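**Q** The structure is given below, and queries will be raised subsequently.
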Amino acid sequence: MADMIVRIMGEGQVRLADSHLTELNKLDDELLAEMENGDGPGFRRTLTALLTKVRELGTPLPDDSLEPSDLILPAPEATLEEVRELLSDDGLIPG
């Protein structure tokens, strides 16, 4: 089972097992739908849930760790517009 390095902007990096991607992708899909619908409150809730889940499931890396990030997630306070700029067609999480 491979791990990936996830950076939360403004917070740092966590190491996360690939096995959690399915669960995170569900939240990512919700986030994408809320952004397309312009649902600000829903977007905020889902982004918070996604970041909380990454923190729960991941192992924080030391601040001085310089691992390349496989995935970059927006800061908790990021706006819908800022996150829209980070998104690919696939959402924040590929796959």
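So you can find residues: chains in the structure tokens are A, B, ... in the order shown, residues in each start at 1, and ligands are numbered from 1 in order.
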Contacts of Asn25 in chain A at 12 Å or less, counting only C-alpha atoms, minus same-chain residues fewer than 4 places along, as a PyMOL selection string?
**A** chain A and resi 18-21+29-32+46-47+49-50+53-54+90-95
**Q** Step one, run DSSP on the backbone; step two, keep only residues of chain A assigned to strand (DSSP E); then write them as a PyMOL selection string.
**A** chain A and resi 3-8+12-17+59-60+71-73
**Q** Would you save the residues of that selection, restricted to N, CA, C and O atoms, as a CSV table (one decimal), in the first residue's frame?
**A**
```
chain,number,residue,atom,x,y,z
A,3,ASP,N,1.8,5.3,0.1
A,3,ASP,CA,1.4,6.5,0.8
A,3,ASP,C,1.5,7.7,-0.1
A,3,ASP,O,2.2,7.7,-1.1
A,4,MET,N,0.8,8.8,0.2
A,4,MET,CA,1.0,10.0,-0.5
A,4,MET,C,1.1,11.1,0.5
A,4,MET,O,0.8,11.0,1.7
A,5,ILE,N,1.8,12.2,0.0
A,5,ILE,CA,2.0,13.3,0.9
A,5,ILE,C,1.0,14.4,0.5
A,5,ILE,O,0.9,14.8,-0.7
A,6,VAL,N,0.2,14.9,1.5
A,6,VAL,CA,-0.8,15.9,1.2
A,6,VAL,C,-0.4,17.2,2.0
A,6,VAL,O,-0.1,17.1,3.2
A,7,ARG,N,-0.4,18.2,1.2
A,7,ARG,CA,-0.1,19.5,1.9
A,7,ARG,C,-1.4,20.3,2.0
A,7,ARG,O,-2.2,20.4,1.1
A,8,ILE,N,-1.7,20.8,3.2
A,8,ILE,CA,-2.8,21.7,3.5
A,8,ILE,C,-2.1,23.1,3.5
A,8,ILE,O,-1.3,23.4,4.3
A,12,GLY,N,0.9,22.7,6.6
A,12,GLY,CA,1.9,21.7,6.6
A,12,GLY,C,1.5,20.5,5.9
A,12,GLY,O,0.5,20.5,5.2
A,13,GLN,N,2.3,19.4,6.0
A,13,GLN,CA,2.1,18.2,5.3
A,13,GLN,C,1.7,17.0,6.2
A,13,GLN,O,2.1,17.0,7.3
A,14,VAL,N,0.9,16.1,5.6
A,14,VAL,CA,0.6,14.9,6.3
A,14,VAL,C,0.9,13.7,5.3
A,14,VAL,O,0.8,13.9,4.1
A,15,ARG,N,1.2,12.6,5.9
A,15,ARG,CA,1.4,11.4,5.1
A,15,ARG,C,0.1,10.6,5.2
A,15,ARG,O,-0.4,10.4,6.3
A,16,LEU,N,-0.4,10.2,4.1
A,16,LEU,CA,-1.8,9.5,4.1
A,16,LEU,C,-1.7,8.3,3.2
A,16,LEU,O,-1.1,8.3,2.1
A,17,ALA,N,-2.3,7.2,3.7
A,17,ALA,CA,-2.3,6.0,2.9
A,17,ALA,C,-3.3,6.1,1.8
A,17,ALA,O,-4.4,6.7,1.9
A,59,THR,N,-0.7,11.2,9.0
A,59,THR,CA,0.3,11.4,10.0
A,59,THR,C,1.1,12.7,9.7
A,59,THR,O,1.6,12.8,8.6
A,60,PRO,N,1.0,13.7,10.6
A,60,PRO,CA,1.8,14.9,10.3
A,60,PRO,C,3.2,14.7,10.1
A,60,PRO,O,3.9,13.9,10.8
A,71,LEU,N,-0.4,16.0,-3.4
A,71,LEU,CA,-1.7,16.6,-3.4
A,71,LEU,C,-1.6,17.9,-2.6
A,71,LEU,O,-1.0,17.9,-1.5
A,72,ILE,N,-2.2,19.0,-3.1
A,72,ILE,CA,-2.2,20.2,-2.3
A,72,ILE,C,-3.7,20.6,-2.1
A,72,ILE,O,-4.4,20.7,-3.1
A,73,LEU,N,-4.0,20.8,-0.9
A,73,LEU,CA,-5.4,21.1,-0.5
A,73,LEU,C,-5.4,22.6,-0.1
A,73,LEU,O,-4.5,23.0,0.5
```
**Q** Tell me which protein, DNA and RNA residues are within 7 Å of range 76-85 of chain A, counting only C-alpha atoms, leaving out same-chain ones fewer than 6 positions away, and put them as a PyMOL selection string.
**A** chain A and resi 35+40+47-48
**Q** Report the residues of chain A whose backbone DSSP state falls under helix (DSSP H, G or I), written as an MDAnalysis selection string.
**A** chainID A and resid 18:36 40:57 80:86
**Q** What is the CA of Asp63 in chain A-CA of Phe43 in chain A distance in Å, reported with one decimal?
**A**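 Computing it gives 28.4 Å between the two atoms.
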